[in-house]
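Asker: Let me give you the structure first, and then I'll get to my questions.
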Amino acid sequence: MIKKIETHASPYRTGIYSPDTAVSDSKSVAKKLYSLLKEQDVKFELSFPLLEQNEQEKTVSTQNRKISYGYVYNCAGAHADRVAKLFGKGEDYTMVSFKRIL
């Protein structure tokens with residue numbers, strides 16, 4: 001179905017057609033979210049891979065440390081599916097990145 005709508009798409013198994021939603025500039029959305037939350041003294045940990053998480057303890061682990069959290073915002077881009085799966089979400093989905101070049 002998705003190939004009929006977007007001929008350049010190469011979905012893994014299938015795609016999701018969502019005509020009422022879009023993110024035209026996800027980088028700007030993430031930057032705005034960052035600035036709004038920073039004003040509220042929210043702490044950010046950027047640019048490191050999450051290796052595991054413990055929902056009961058509310059911690060995530062990297063190669064070097066364990067970090068406690070209140071909320072996790074998944075802004076991992078092309079790795080968002082991997083982060084979601086660490087939290088037991090989106091097990092049936094895989095991120096398929098494609099860039100339409102005209």
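So you can find residues: chains in the structure tokens are A, B, ... in the order shown, residues in each start at 1, and ligands are numbered from 1 in order.
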For segment 72-88 of chain A, please output as a PDB file with N, CA and C atoms, in the first residue's frame all residues within 8 Å (counting only C-alpha atoms; exclusion window: fewer than 4 positions along the same chain).
Answerer:
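Once everything was written out, this is out15.pdb:
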ATOM      1  N   ALA A  30      12.760  19.019  18.121  1.00  0.00           N
ATOM      2  CA  ALA A  30      13.615  18.554  19.215  1.00  0.00           C
ATOM      3  C   ALA A  30      14.349  19.719  19.879  1.00  0.00           C
ATOM      4  N   LEU A  50      22.292   3.831  24.837  1.00  0.00           N
ATOM      5  CA  LEU A  50      21.699   3.156  25.990  1.00  0.00           C
ATOM      6  C   LEU A  50      21.884   1.664  25.801  1.00  0.00           C
ATOM      7  N   GLU A  52      20.908  -0.701  28.441  1.00  0.00           N
ATOM      8  CA  GLU A  52      19.795  -1.383  29.102  1.00  0.00           C
ATOM      9  C   GLU A  52      19.022  -0.382  29.941  1.00  0.00           C
ATOM     10  N   GLN A  53      17.862  -0.798  30.386  1.00  0.00           N
ATOM     11  CA  GLN A  53      17.059   0.038  31.265  1.00  0.00           C
ATOM     12  C   GLN A  53      16.373  -0.843  32.295  1.00  0.00           C
ATOM     13  N   GLU A  55      12.979  -0.424  34.372  1.00  0.00           N
ATOM     14  CA  GLU A  55      11.795   0.403  34.579  1.00  0.00           C
ATOM     15  C   GLU A  55      11.397   0.477  36.052  1.00  0.00           C
ATOM     16  N   TYR A  93       7.757  -3.281  15.338  1.00  0.00           N
ATOM     17  CA  TYR A  93       8.113  -2.252  14.367  1.00  0.00           C
ATOM     18  C   TYR A  93       9.622  -2.124  14.221  1.00  0.00           C
ATOM     19  N   THR A  94      10.044  -1.703  13.045  1.00  0.00           N
ATOM     20  CA  THR A  94      11.449  -1.442  12.765  1.00  0.00           C
ATOM     21  C   THR A  94      11.544  -0.111  12.038  1.00  0.00           C
ATOM     22  N   MET A  95      12.495   0.714  12.419  1.00  0.00           N
ATOM     23  CA  MET A  95      12.702   1.995  11.761  1.00  0.00           C
ATOM     24  C   MET A  95      13.248   1.750  10.361  1.00  0.00           C
ATOM     25  N   VAL A  96      12.620   2.366   9.391  1.00  0.00           N
ATOM     26  CA  VAL A  96      13.087   2.280   8.014  1.00  0.00           C
ATOM     27  C   VAL A  96      13.377   3.703   7.568  1.00  0.00           C
ATOM     28  N   SER A  97      14.637   4.023   7.464  1.00  0.00           N
ATOM     29  CA  SER A  97      15.027   5.371   7.048  1.00  0.00           C
ATOM     30  C   SER A  97      15.126   5.436   5.543  1.00  0.00           C
TER      31      SER A  97
END
Asker: With only C-alpha atoms as the atoms that count, which of A:Pro49, A:Ser28, A:Lys38, A:Lys43 lies nearest to Asn64 of chain A?
Answerer: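 Closest candidate: A:Pro49.
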Asker: Would you list, as a PDB file with N, CA and C atoms, in the first residue's frame, the residues of segment 8-87 of chain A that end up in strand (DSSP E) under DSSP run on this structure's backbone?
Answerer:
ATOM      1  N   GLU A  52      20.908  -0.701  28.441  1.00  0.00           N
ATOM      2  CA  GLU A  52      19.795  -1.383  29.102  1.00  0.00           C
ATOM      3  C   GLU A  52      19.022  -0.382  29.941  1.00  0.00           C
ATOM      4  N   GLN A  53      17.862  -0.798  30.386  1.00  0.00           N
ATOM      5  CA  GLN A  53      17.059   0.038  31.265  1.00  0.00           C
ATOM      6  C   GLN A  53      16.373  -0.843  32.295  1.00  0.00           C
ATOM      7  N   ASN A  54      16.061  -0.232  33.417  1.00  0.00           N
ATOM      8  CA  ASN A  54      15.335  -0.925  34.474  1.00  0.00           C
ATOM      9  C   ASN A  54      14.155  -0.044  34.844  1.00  0.00           C
ATOM     10  N   THR A  59      16.007   3.527  35.862  1.00  0.00           N
ATOM     11  CA  THR A  59      17.390   3.809  35.476  1.00  0.00           C
ATOM     12  C   THR A  59      17.646   3.323  34.055  1.00  0.00           C
ATOM     13  N   VAL A  60      18.590   3.981  33.409  1.00  0.00           N
ATOM     14  CA  VAL A  60      19.130   3.523  32.132  1.00  0.00           C
ATOM     15  C   VAL A  60      20.629   3.383  32.308  1.00  0.00           C
ATOM     16  N   SER A  61      21.230   2.460  31.570  1.00  0.00           N
ATOM     17  CA  SER A  61      22.672   2.242  31.689  1.00  0.00           C
ATOM     18  C   SER A  61      23.366   2.493  30.361  1.00  0.00           C
ATOM     19  N   LYS A  66      25.252   4.394  35.271  1.00  0.00           N
ATOM     20  CA  LYS A  66      23.816   4.179  35.412  1.00  0.00           C
ATOM     21  C   LYS A  66      23.197   5.535  35.745  1.00  0.00           C
ATOM     22  N   ILE A  67      22.105   5.878  35.061  1.00  0.00           N
ATOM     23  CA  ILE A  67      21.476   7.186  35.217  1.00  0.00           C
ATOM     24  C   ILE A  67      20.025   6.993  35.658  1.00  0.00           C
ATOM     25  N   SER A  68      19.635   7.694  36.728  1.00  0.00           N
ATOM     26  CA  SER A  68      18.245   7.683  37.175  1.00  0.00           C
ATOM     27  C   SER A  68      17.440   8.666  36.334  1.00  0.00           C
TER      28      SER A  68
END
